[in-house]
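Undergrad: Next comes start-v9.cif, mmCIF, C-alpha atoms:
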data_target
loop_
_atom_site.label_atom_id
_atom_site.label_comp_id
_atom_site.auth_asym_id
_atom_site.auth_seq_id
_atom_site.Cartn_x
_atom_site.Cartn_y
_atom_site.Cartn_z
CA MET P 11 -66.12 -3.54 124.78
CA PRO P 12 -67.26 -2.16 121.44
CA ALA P 13 -64.11 -3.26 119.64
CA ALA P 14 -64.22 -6.82 120.95
CA SER P 15 -65.63 -8.35 117.81
CA THR P 16 -62.63 -7.24 115.79
CA ARG P 17 -60.40 -9.15 118.18
CA VAL P 18 -62.39 -12.37 117.94
CA PRO P 19 -60.37 -14.79 115.84
CA GLN P 20 -61.65 -15.44 112.36
CA GLN P 21 -62.20 -19.12 113.08
CA GLU P 22 -64.46 -18.38 116.05
CA ARG P 23 -66.52 -15.91 114.05
CA SER P 24 -66.93 -18.48 111.29
CA ARG P 25 -68.13 -21.02 113.79
CA ALA P 26 -70.69 -18.59 115.23
CA THR P 27 -71.93 -17.75 111.72
CA GLN P 28 -72.27 -21.43 110.90
CA ALA P 29 -74.16 -22.11 114.13
CA ARG P 30 -76.63 -19.29 113.40
CA LEU P 31 -77.19 -20.58 109.86
CA LEU P 32 -77.76 -24.16 111.01
CA GLU P 33 -80.22 -23.18 113.72
CA ALA P 34 -82.11 -20.90 111.34
CA THR P 35 -82.28 -23.79 108.85
CA VAL P 36 -83.96 -26.15 111.30
CA GLU P 37 -86.37 -23.40 112.44
CA CYS P 38 -87.23 -22.72 108.83
CA LEU P 39 -87.80 -26.41 108.03
CA VAL P 40 -90.10 -26.70 111.05
CA GLU P 41 -92.10 -23.59 110.18
CA ARG P 42 -92.22 -23.78 106.38
CA GLY P 43 -91.31 -27.34 105.47
CA TRP P 44 -88.81 -28.40 102.80
CA SER P 45 -90.40 -26.55 99.90
CA GLY P 46 -90.74 -23.31 101.89
CA THR P 47 -87.09 -23.41 102.97
CA THR P 48 -84.68 -21.51 100.73
CA THR P 49 -81.08 -20.56 101.34
CA THR P 50 -82.05 -16.89 100.97
CA VAL P 51 -84.73 -17.09 103.67
CA VAL P 52 -82.33 -18.91 105.98
CA ALA P 53 -79.56 -16.32 105.50
CA GLN P 54 -82.01 -13.49 106.25
CA ARG P 55 -83.32 -15.27 109.32
CA ALA P 56 -79.81 -15.93 110.61
CA GLY P 57 -78.73 -12.33 109.95
CA VAL P 58 -75.90 -13.60 107.75
CA SER P 59 -74.94 -12.14 104.38
CA ARG P 60 -75.77 -14.14 101.28
CA GLY P 61 -72.05 -14.27 100.47
CA ALA P 62 -71.13 -15.70 103.86
CA GLN P 63 -73.93 -18.23 103.61
CA LEU P 64 -72.78 -19.41 100.17
CA HIS P 65 -69.20 -19.54 101.43
CA HIS P 66 -70.09 -21.95 104.26
CA TYR P 67 -72.87 -23.95 102.57
CA PRO P 68 -72.90 -23.58 98.79
CA THR P 69 -76.12 -25.54 98.18
CA LYS P 70 -79.47 -26.06 99.90
CA ALA P 71 -78.68 -29.79 100.22
CA ALA P 72 -75.36 -29.01 101.94
CA LEU P 73 -77.03 -26.51 104.27
CA VAL P 74 -79.93 -28.70 105.42
CA THR P 75 -77.79 -31.82 105.78
CA ALA P 76 -75.23 -29.94 107.90
CA ALA P 77 -78.06 -28.44 109.98
CA VAL P 78 -79.74 -31.73 110.85
CA GLY P 79 -76.39 -33.46 111.40
CA HIS P 80 -75.04 -30.72 113.68
CA LEU P 81 -78.20 -30.30 115.73
CA THR P 82 -78.63 -34.06 116.11
CA GLU P 83 -75.17 -34.27 117.66
CA ARG P 84 -75.91 -31.36 119.96
CA ARG P 85 -79.27 -32.87 120.98
CA ALA P 86 -77.61 -36.24 121.66
CA ALA P 87 -75.06 -34.50 123.91
CA GLU P 88 -77.89 -32.70 125.73
CA LEU P 89 -79.71 -36.00 126.22
CA ARG P 90 -76.59 -37.48 127.83
CA VAL P 91 -76.49 -34.55 130.27
CA GLU P 92 -80.23 -34.75 131.01
CA ALA P 93 -79.93 -38.49 131.58
CA GLU P 94 -77.33 -37.90 134.29
CA ALA P 95 -80.09 -36.43 136.44
CA LEU P 96 -82.13 -39.63 136.20
CA PRO P 97 -82.18 -41.92 139.22
CA GLU P 98 -80.39 -45.24 139.14
CA GLY P 99 -82.51 -48.35 139.50
CA PRO P 100 -85.57 -49.67 137.70
CA SER P 101 -87.21 -46.25 137.14
CA ARG P 102 -84.19 -45.12 135.13
CA LEU P 103 -85.47 -47.00 132.08
CA ASP P 104 -88.77 -45.10 132.25
CA GLY P 105 -86.92 -41.81 132.35
CA VAL P 106 -84.70 -42.73 129.40
CA VAL P 107 -87.72 -43.73 127.27
CA ASP P 108 -89.42 -40.44 128.17
CA LEU P 109 -86.35 -38.41 127.19
CA LEU P 110 -86.13 -40.21 123.84
CA ALA P 111 -89.87 -39.88 123.22
CA ALA P 112 -89.56 -36.13 123.73
CA ALA P 113 -86.73 -36.03 121.17
CA PHE P 114 -88.80 -37.98 118.62
CA THR P 115 -91.71 -35.57 118.93
CA GLY P 116 -89.64 -32.40 118.99
CA PRO P 117 -88.74 -29.87 116.27
CA LEU P 118 -85.51 -31.60 115.23
CA PHE P 119 -87.38 -34.82 114.40
CA VAL P 120 -89.87 -32.83 112.35
CA ALA P 121 -87.08 -31.06 110.45
CA ALA P 122 -85.31 -34.37 109.79
CA LEU P 123 -88.53 -35.97 108.54
CA GLU P 124 -89.01 -33.09 106.09
CA LEU P 125 -85.59 -33.93 104.63
CA TRP P 126 -86.08 -37.68 104.57
CA VAL P 127 -89.36 -37.40 102.68
CA ALA P 128 -88.06 -34.75 100.27
CA ALA P 129 -84.92 -36.80 99.59
CA ARG P 130 -87.02 -39.65 98.28
CA THR P 131 -87.70 -37.64 95.11
CA ASP P 132 -84.63 -35.34 95.11
CA ALA P 133 -81.45 -37.10 93.97
CA GLU P 134 -79.02 -34.41 95.18
CA LEU P 135 -80.54 -34.29 98.66
CA ARG P 136 -80.70 -38.07 98.80
CA ALA P 137 -76.98 -38.40 98.03
CA ALA P 138 -76.21 -35.90 100.80
CA LEU P 139 -78.53 -37.56 103.34
CA LEU P 140 -77.55 -41.21 102.96
CA PRO P 141 -74.27 -40.92 104.92
CA LEU P 142 -76.05 -38.78 107.54
CA GLU P 143 -78.83 -41.39 107.88
CA ALA P 144 -76.28 -44.12 108.60
CA ARG P 145 -74.44 -41.91 111.12
CA VAL P 146 -77.59 -40.75 112.95
CA GLY P 147 -78.85 -44.35 113.12
CA ARG P 148 -75.60 -45.52 114.71
CA GLU P 149 -75.47 -42.57 117.12
CA MET P 150 -79.05 -42.97 118.33
CA TYR P 151 -78.48 -46.68 118.90
CA ARG P 152 -75.23 -46.06 120.82
CA LEU P 153 -76.85 -43.27 122.85
CA THR P 154 -79.76 -45.51 123.85
CA ILE P 155 -77.49 -48.42 124.81
CA ASP P 156 -75.40 -46.03 126.94
CA LEU P 157 -78.34 -44.27 128.60
CA LEU P 158 -79.97 -47.58 129.48
CA GLY P 159 -76.64 -48.94 130.66
CA VAL P 160 -77.26 -52.32 129.03
CA ASP P 161 -74.88 -54.86 127.51
CA GLU P 162 -75.64 -55.17 123.81
CA ARG P 163 -73.82 -58.51 123.59
CA ARG P 164 -76.60 -60.18 125.56
CA PRO P 165 -79.13 -61.92 123.31
CA GLY P 166 -82.15 -59.82 122.46
CA VAL P 167 -80.76 -56.51 123.71
CA ARG P 168 -79.87 -55.15 120.27
CA GLU P 169 -83.29 -56.00 118.85
CA ALA P 170 -85.12 -54.55 121.86
CA VAL P 171 -83.21 -51.27 121.66
CA GLN P 172 -83.70 -51.01 117.91
CA ALA P 173 -87.41 -51.78 118.24
CA THR P 174 -87.67 -49.00 120.84
CA LEU P 175 -86.15 -46.48 118.41
CA ASP P 176 -88.33 -47.63 115.50
CA LEU P 177 -91.41 -47.51 117.71
CA LEU P 178 -90.52 -43.96 118.79
CA ARG P 179 -90.04 -42.95 115.14
CA GLY P 180 -93.51 -44.29 114.37
CA LEU P 181 -94.93 -42.39 117.33
CA GLY P 182 -93.21 -39.25 116.09
CA VAL P 183 -95.01 -39.55 112.75
CA ALA P 184 -98.33 -40.20 114.53
CA ASN P 185 -97.84 -36.88 116.34
CA LEU P 186 -97.28 -34.77 113.20
CA LEU P 187 -100.80 -33.44 112.64
CA SER P 188 -102.44 -33.77 116.01
CA ASP P 189 -101.47 -34.11 119.64
CA ASP P 190 -101.07 -37.84 120.15
CA SER P 191 -99.61 -37.56 123.66
CA ALA P 192 -102.40 -39.32 125.58
CA ARG P 193 -102.28 -42.42 123.37
CA ARG P 194 -98.47 -42.28 123.30
CA THR P 195 -98.20 -42.11 127.10
CA ALA P 196 -100.45 -45.16 127.55
CA LEU P 197 -98.62 -47.10 124.87
CA LEU P 198 -95.18 -46.25 126.25
CA HIS P 199 -96.31 -47.15 129.75
CA ALA P 200 -96.89 -50.70 128.51
CA TRP P 201 -93.71 -50.64 126.40
CA LYS P 202 -91.53 -49.69 129.39
CA HIS P 203 -92.66 -52.79 131.28
CA GLN P 204 -91.99 -54.93 128.27
CA LEU P 205 -88.58 -53.39 127.59
CA ALA P 206 -87.57 -53.88 131.22
CA THR P 207 -88.38 -57.58 130.86
CA LEU P 208 -86.50 -57.85 127.57
CA LEU P 209 -83.41 -56.16 128.98
CA THR P 210 -83.35 -58.09 132.25
CA PRO P 211 -80.97 -61.03 132.01
CA VAL P 212 -82.72 -64.35 132.27
CA ALA P 213 -81.63 -66.00 135.52
CA GLY P 214 -78.96 -68.59 134.77
CA PRO P 215 -77.15 -70.95 137.11
CA PRO P 216 -75.96 -69.17 140.28
CA GLY P 217 -72.87 -67.11 139.60
CA SER P 218 -73.24 -67.24 135.82
CA ASP P 219 -74.48 -63.64 135.63
CA ARG P 220 -73.78 -60.99 138.19
CA HIS P 221 -76.25 -58.36 136.96
CA MET Y 9 -118.68 -53.65 70.77
CA PRO Y 10 -117.67 -50.14 69.75
CA ALA Y 11 -120.89 -48.58 71.05
CA ALA Y 12 -120.69 -50.25 74.43
CA SER Y 13 -119.41 -47.22 76.27
CA THR Y 14 -122.53 -45.23 75.42
CA ARG Y 15 -124.66 -47.89 77.08
CA VAL Y 16 -122.64 -47.91 80.29
CA PRO Y 17 -124.67 -46.07 82.88
CA GLN Y 18 -123.43 -42.62 83.78
CA GLN Y 19 -122.83 -43.59 87.39
CA GLU Y 20 -120.58 -46.47 86.41
CA ARG Y 21 -118.54 -44.30 84.06
CA SER Y 22 -118.14 -41.74 86.82
CA ARG Y 23 -116.89 -44.42 89.14
CA ALA Y 24 -114.35 -45.63 86.60
CA THR Y 25 -113.13 -42.07 86.01
CA GLN Y 26 -112.77 -41.52 89.73
CA ALA Y 27 -110.85 -44.77 90.17
CA ARG Y 28 -108.41 -43.82 87.38
CA LEU Y 29 -107.87 -40.38 88.92
CA LEU Y 30 -107.27 -41.78 92.40
CA GLU Y 31 -104.78 -44.38 91.20
CA ALA Y 32 -102.93 -41.84 89.10
CA THR Y 33 -102.76 -39.55 92.13
CA VAL Y 34 -101.04 -42.14 94.31
CA GLU Y 35 -98.64 -43.06 91.48
CA CYS Y 36 -97.83 -39.41 91.03
CA LEU Y 37 -97.24 -38.87 94.77
CA VAL Y 38 -94.91 -41.88 94.84
CA GLU Y 39 -92.94 -40.76 91.78
CA ARG Y 40 -92.84 -37.01 92.23
CA GLY Y 41 -93.73 -36.33 95.85
CA TRP Y 42 -96.24 -33.79 97.12
CA SER Y 43 -94.70 -30.73 95.46
CA GLY Y 44 -94.38 -32.48 92.08
CA THR Y 45 -98.01 -33.61 92.14
CA THR Y 46 -100.45 -31.27 90.42
CA THR Y 47 -104.06 -31.85 89.46
CA THR Y 48 -103.11 -31.21 85.80
CA VAL Y 49 -100.41 -33.89 85.81
CA VAL Y 50 -102.78 -36.35 87.48
CA ALA Y 51 -105.57 -35.71 84.95
CA GLN Y 52 -103.13 -36.25 82.05
CA ARG Y 53 -101.78 -39.42 83.59
CA ALA Y 54 -105.29 -40.78 84.18
CA GLY Y 55 -106.38 -39.87 80.67
CA VAL Y 56 -109.22 -37.79 82.11
CA SER Y 57 -110.22 -34.34 80.90
CA ARG Y 58 -109.41 -31.38 83.10
CA GLY Y 59 -113.12 -30.61 83.32
CA ALA Y 60 -114.03 -34.10 84.51
CA GLN Y 61 -111.20 -34.01 87.03
CA LEU Y 62 -112.35 -30.67 88.44
CA HIS Y 63 -115.92 -31.95 88.54
CA HIS Y 64 -115.00 -34.93 90.72
CA TYR Y 65 -112.23 -33.38 92.80
CA PRO Y 66 -112.23 -29.59 92.71
CA THR Y 67 -109.00 -29.09 94.68
CA LYS Y 68 -105.63 -30.81 95.05
CA ALA Y 69 -106.39 -31.38 98.75
CA ALA Y 70 -109.70 -33.09 97.88
CA LEU Y 71 -108.03 -35.23 95.22
CA VAL Y 72 -105.09 -36.49 97.30
CA THR Y 73 -107.21 -37.10 100.40
CA ALA Y 74 -109.75 -39.10 98.41
CA ALA Y 75 -106.93 -41.04 96.74
CA VAL Y 76 -105.21 -42.12 99.94
CA GLY Y 77 -108.53 -42.82 101.67
CA HIS Y 78 -109.90 -44.90 98.79
CA LEU Y 79 -106.71 -46.91 98.19
CA THR Y 80 -106.25 -47.53 101.92
CA GLU Y 81 -109.70 -49.12 102.05
CA ARG Y 82 -108.95 -51.21 98.99
CA ARG Y 83 -105.57 -52.28 100.40
CA ALA Y 84 -107.21 -53.22 103.72
CA ALA Y 85 -109.75 -55.36 101.84
CA GLU Y 86 -106.90 -57.03 99.89
CA LEU Y 87 -105.06 -57.72 103.15
CA ARG Y 88 -108.14 -59.46 104.53
CA VAL Y 89 -108.25 -61.68 101.44
CA GLU Y 90 -104.50 -62.41 101.56
CA ALA Y 91 -104.77 -63.24 105.26
CA GLU Y 92 -107.35 -65.93 104.49
CA ALA Y 93 -104.58 -67.95 102.87
CA LEU Y 94 -102.52 -67.90 106.07
CA PRO Y 95 -102.45 -71.08 108.15
CA GLU Y 96 -104.21 -71.21 111.48
CA GLY Y 97 -102.06 -71.80 114.54
CA PRO Y 98 -99.00 -70.07 115.95
CA SER Y 99 -97.40 -69.26 112.58
CA ARG Y 100 -100.44 -67.21 111.59
CA LEU Y 101 -99.18 -64.28 113.68
CA ASP Y 102 -95.88 -64.30 111.75
CA GLY Y 103 -97.75 -64.17 108.46
CA VAL Y 104 -100.00 -61.31 109.61
CA VAL Y 105 -97.00 -59.24 110.73
CA ASP Y 106 -95.29 -59.90 107.37
CA LEU Y 107 -98.41 -58.80 105.43
CA LEU Y 108 -98.64 -55.60 107.47
CA ALA Y 109 -94.90 -54.91 107.15
CA ALA Y 110 -95.24 -55.17 103.36
CA ALA Y 111 -98.09 -52.64 103.47
CA PHE Y 112 -96.04 -50.21 105.58
CA THR Y 113 -93.14 -50.32 103.13
CA GLY Y 114 -95.26 -50.18 99.97
CA PRO Y 115 -96.20 -47.30 97.64
CA LEU Y 116 -99.41 -46.42 99.47
CA PHE Y 117 -97.52 -45.80 102.71
CA VAL Y 118 -95.06 -43.60 100.86
CA ALA Y 119 -97.88 -41.60 99.24
CA ALA Y 120 -99.63 -41.18 102.60
CA LEU Y 121 -96.41 -40.02 104.27
CA GLU Y 122 -95.97 -37.38 101.56
CA LEU Y 123 -99.40 -36.01 102.51
CA TRP Y 124 -98.88 -36.21 106.27
CA VAL Y 125 -95.62 -34.27 106.10
CA ALA Y 126 -96.96 -31.70 103.63
CA ALA Y 127 -100.09 -31.19 105.75
CA ARG Y 128 -97.97 -30.04 108.67
CA THR Y 129 -97.35 -26.75 106.87
CA ASP Y 130 -100.43 -26.61 104.61
CA ALA Y 131 -103.60 -25.63 106.46
CA GLU Y 132 -106.05 -26.67 103.71
CA LEU Y 133 -104.50 -30.13 103.34
CA ARG Y 134 -104.31 -30.52 107.10
CA ALA Y 135 -108.03 -29.82 107.51
CA ALA Y 136 -108.80 -32.42 104.84
CA LEU Y 137 -106.44 -35.03 106.29
CA LEU Y 138 -107.40 -34.93 109.97
CA PRO Y 139 -110.66 -36.89 109.56
CA LEU Y 140 -108.87 -39.34 107.24
CA GLU Y 141 -106.08 -39.83 109.79
CA ALA Y 142 -108.59 -40.76 112.49
CA ARG Y 143 -110.42 -43.14 110.13
CA VAL Y 144 -107.28 -44.85 108.82
CA GLY Y 145 -105.97 -45.25 112.37
CA ARG Y 146 -109.21 -46.95 113.48
CA GLU Y 147 -109.34 -49.16 110.37
CA MET Y 148 -105.74 -50.35 110.66
CA TYR Y 149 -106.28 -51.17 114.32
CA ARG Y 150 -109.50 -53.07 113.58
CA LEU Y 151 -107.91 -54.89 110.65
CA THR Y 152 -104.96 -56.02 112.79
CA ILE Y 153 -107.20 -57.20 115.64
CA ASP Y 154 -109.29 -59.17 113.13
CA LEU Y 155 -106.35 -60.69 111.23
CA LEU Y 156 -104.69 -61.77 114.47
CA GLY Y 157 -107.98 -63.08 115.78
CA VAL Y 158 -107.36 -61.67 119.25
CA ASP Y 159 -109.73 -60.35 121.90
CA GLU Y 160 -109.01 -56.67 122.45
CA ARG Y 161 -110.78 -56.71 125.82
CA ARG Y 162 -107.99 -58.74 127.33
CA PRO Y 163 -105.47 -56.60 129.23
CA GLY Y 164 -102.46 -55.61 127.16
CA VAL Y 165 -103.87 -56.63 123.77
CA ARG Y 166 -104.83 -53.12 122.68
CA GLU Y 167 -101.40 -51.72 123.59
CA ALA Y 168 -99.55 -54.61 121.92
CA VAL Y 169 -101.49 -54.20 118.67
CA GLN Y 170 -101.05 -50.42 118.66
CA ALA Y 171 -97.33 -50.77 119.38
CA THR Y 172 -97.05 -53.17 116.43
CA LEU Y 173 -98.61 -50.61 114.10
CA ASP Y 174 -96.47 -47.76 115.44
CA LEU Y 175 -93.36 -49.93 115.12
CA LEU Y 176 -94.28 -50.76 111.51
CA ARG Y 177 -94.80 -47.06 110.77
CA GLY Y 178 -91.32 -46.35 112.13
CA LEU Y 179 -89.89 -49.16 110.02
CA GLY Y 180 -91.65 -47.72 106.99
CA VAL Y 181 -89.88 -44.40 107.50
CA ALA Y 182 -86.54 -46.19 108.00
CA ASN Y 183 -87.04 -47.76 104.58
CA LEU Y 184 -87.65 -44.50 102.69
CA LEU Y 185 -84.14 -43.81 101.37
CA SER Y 186 -82.46 -47.18 101.45
CA ASP Y 187 -83.40 -50.85 101.54
CA ASP Y 188 -83.75 -51.60 105.26
CA SER Y 189 -85.18 -55.09 104.74
CA ALA Y 190 -82.35 -57.11 106.33
CA ARG Y 191 -82.48 -55.12 109.57
CA ARG Y 192 -86.29 -55.08 109.48
CA THR Y 193 -86.52 -58.85 109.05
CA ALA Y 194 -84.24 -59.51 112.04
CA LEU Y 195 -86.09 -56.98 114.18
CA LEU Y 196 -89.52 -58.33 113.25
CA HIS Y 197 -88.35 -61.87 113.92
CA ALA Y 198 -87.77 -60.86 117.54
CA TRP Y 199 -90.95 -58.78 117.62
CA LYS Y 200 -93.12 -61.71 116.50
CA HIS Y 201 -91.93 -63.80 119.45
CA GLN Y 202 -92.62 -60.94 121.78
CA LEU Y 203 -96.04 -60.20 120.34
CA ALA Y 204 -97.03 -63.87 120.58
CA THR Y 205 -96.19 -63.76 124.29
CA LEU Y 206 -98.10 -60.52 124.82
CA LEU Y 207 -101.18 -61.85 123.03
CA THR Y 208 -101.19 -65.25 124.72
CA PRO Y 209 -103.58 -65.26 127.66
CA VAL Y 210 -101.83 -65.80 130.98
CA ALA Y 211 -102.93 -69.20 132.31
CA GLY Y 212 -105.69 -68.69 134.84
CA PRO Y 213 -107.54 -71.23 137.00
CA PRO Y 214 -108.60 -74.29 134.97
CA GLY Y 215 -111.62 -73.55 132.84
CA SER Y 216 -111.32 -69.77 133.19
CA ASP Y 217 -109.99 -69.34 129.64
CA ARG Y 218 -110.54 -71.70 126.78
CA HIS Y 219 -108.01 -70.25 124.35
#
Could you write out this structure as structure tokens?

TA:
Amino acid sequence: MPAASTRVPQQERSRATQARLLEATVECLVERGWSGTTTTVVAQRAGVSRGAQLHHYPTKAALVTAAVGHLTERRAAELRVEAEALPEGPSRLDGVVDLLAAAFTGPLFVAALELWVAARTDAELRAALLPLEARVGREMYRLTIDLLGVDERRPGVREAVQATLDLLRGLGVANLLSDDSARRTALLHAWKHQLATLLTPVAGPPGSDRH
Amino acid sequence: MPAASTRVPQQERSRATQARLLEATVECLVERGWSGTTTTVVAQRAGVSRGAQLHHYPTKAALVTAAVGHLTERRAAELRVEAEALPEGPSRLDGVVDLLAAAFTGPLFVAALELWVAARTDAELRAALLPLEARVGREMYRLTIDLLGVDERRPGVREAVQATLDLLRGLGVANLLSDDSARRTALLHAWKHQLATLLTPVAGPPGSDRH
């Protein structure tokens, strides 16, 4: 159907162009870092005209912020689907921690870290990232609560889930320059036991807690 | 004593020049980030001639690696001194975690993170940083074991101490763009309890453990 593209609605074509630009942005951040990423290089890589790129994302800050925001949402949705394949029962927690650890050592984490560090000394990028930081923080917390299937109103659950995410962020940084997977696996093995204990309701009087 | 400087031995003057260069480097990394840090700017800031700077640290990679390595050692020594003022007993652990948390949210952490992220896409810097990364990792682990006064041969101690350092690294990153201290304080409050439990020897038969 050679003429198909002309029948694709404008809105759908825009969305496809945006998706290509955002994916090319994250790839570029991973390969070249913040300073090696330019809007021109991204447009070339995405096969999108400079005009179209400027139309959708007029500045580098707008482009990179949209890219990390969009791909974080997509990755979170993928994690929910992957988590559906995990078994119920005690080993589910292990699987959830492994899925999250993979996310925190993957390309999207690396791209996000490039932005976070650059934003420290770049006022325009910082202003664009602050709302994204708050949103991503909330989403990762919600995702983890949901995947673990725990009740955040129980004492200690919120802190244990947050500590897990902060620990994984630290492990992501430790993996930047060299393969830290052996140490990480051993450390997370111990952490999973600990987290299971923290998330297990303390036995109260009979009937007071049905979990 | 206007002529004093001519009587200072050459070696001592060299050491003072180096110290000024290394401190100026970390200040520059904190203020301007990796891309805004140049050897010229550092030499100016330190009040050291370009020739002297090139003599001591011929490349930017050599300069920044020496700076973070040197100041990490000095900070570790300071932490040992500060920890001497902490009380013995159960509250000592809280104080040690607070000292470490301050280090992981201070300027030296920020400067190091600039290097770690830049090194991901800069082969020369990466080659210079890898040995430093291994050394700093070992030193921070050793420092924490010593400050806590725990026996790393006991099961679980190594993992608990490593997890503490990885958690603090994650909290350091969470503090880059905005003041995360309220969340961090609440999270570390819970973590201190947990760590105390992990580091407390499980009661064995009477006389088997004197702690």

Undergrad: For atom CA of Leu157 of chain P and atom CA of Thr174 of chain P, quote the distance in Å rounded to one decimal.

TA: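 Answer for the atom CA of Leu157 of chain P to atom CA of Thr174 of chain P separation: 13.0 Å.
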
Undergrad: Take the PyMOL selection byres ((chain P) within 10 of (chain Y)), apply it to the structure above, and return the hits as JSON, numbers by chain.

TA: {"P": [39, 40, 41, 42, 43, 44, 45, 46, 120, 123, 124, 126, 127, 128, 129, 130, 131, 132, 136, 137, 139, 140, 143, 144, 147, 166, 168, 169, 170, 171, 172, 173, 174, 175, 176, 177, 178, 179, 180, 181, 182, 183, 184, 186, 187, 188, 193, 194, 196, 197, 198, 199, 200, 201, 204, 208]}

Undergrad: Work out how far apart atom CA of Val50 of chain Y and atom CA of Ala32 of chain Y are and give it in Å to one decimal.

TA: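 Computing the Euclidean distance for atom CA of Val50 of chain Y and atom CA of Ala32 of chain Y yields 5.7 Å.
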
Undergrad: Suppose a student applies the PyMOL selection byres ((chain Y and resi 49) around 12) to this structure; what residues should they get, written as an MDAnalysis selection string?

TA: chainID Y and resid 29 32:37 39:40 43:48 50:58 61 68

Undergrad: With all atoms listed in the file as the basis for distance, which of Y:Gln19, Y:Glu132, Y:His64, Y:Arg83 is at the shortest distance from Gly114 of chain Y?

TA: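 With all atoms listed in the file as the atom set, the closest residue is Y:Arg83.
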
Undergrad: Hey, can you check how far atom CA of His203 of chain P sits from atom CA of Arg102 of chain P?

TA: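 According to the coordinates, atom CA of His203 of chain P and atom CA of Arg102 of chain P are separated by 12.1 Å.
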
Undergrad: May I have the residues within 9 Å of Tyr67 of chain P as a list in words, using all atoms listed in the file and disregarding those fewer than 4 positions away in the same chain?

TA: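 With the cut-off at 9 Å, the set is Gln28, Thr49, Ala62, Gln63, Ala71, Ala72, Leu73, Val74 and Ala76 of chain P.
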
Undergrad: Let me make sure I understand: among Y:Arg23, Y:Lys200, Y:Arg162, Y:Arg150, which one has the smallest atom-to-atom distance to Ala84 of chain Y if we use only C-alpha atoms?

TA: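 Using only C-alpha atoms, the shortest distance to Ala84 of chain Y belongs to Y:Arg150.
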
Undergrad: If we draw a sphere of 10 Å around (-89.0, -41.5, 129.9), which residues have at least one atom in it when counting only C-alpha atoms? Please report them as a VMD selection string.

TA: chain P and resid 93 96 101 to 112 195 198 to 199 202
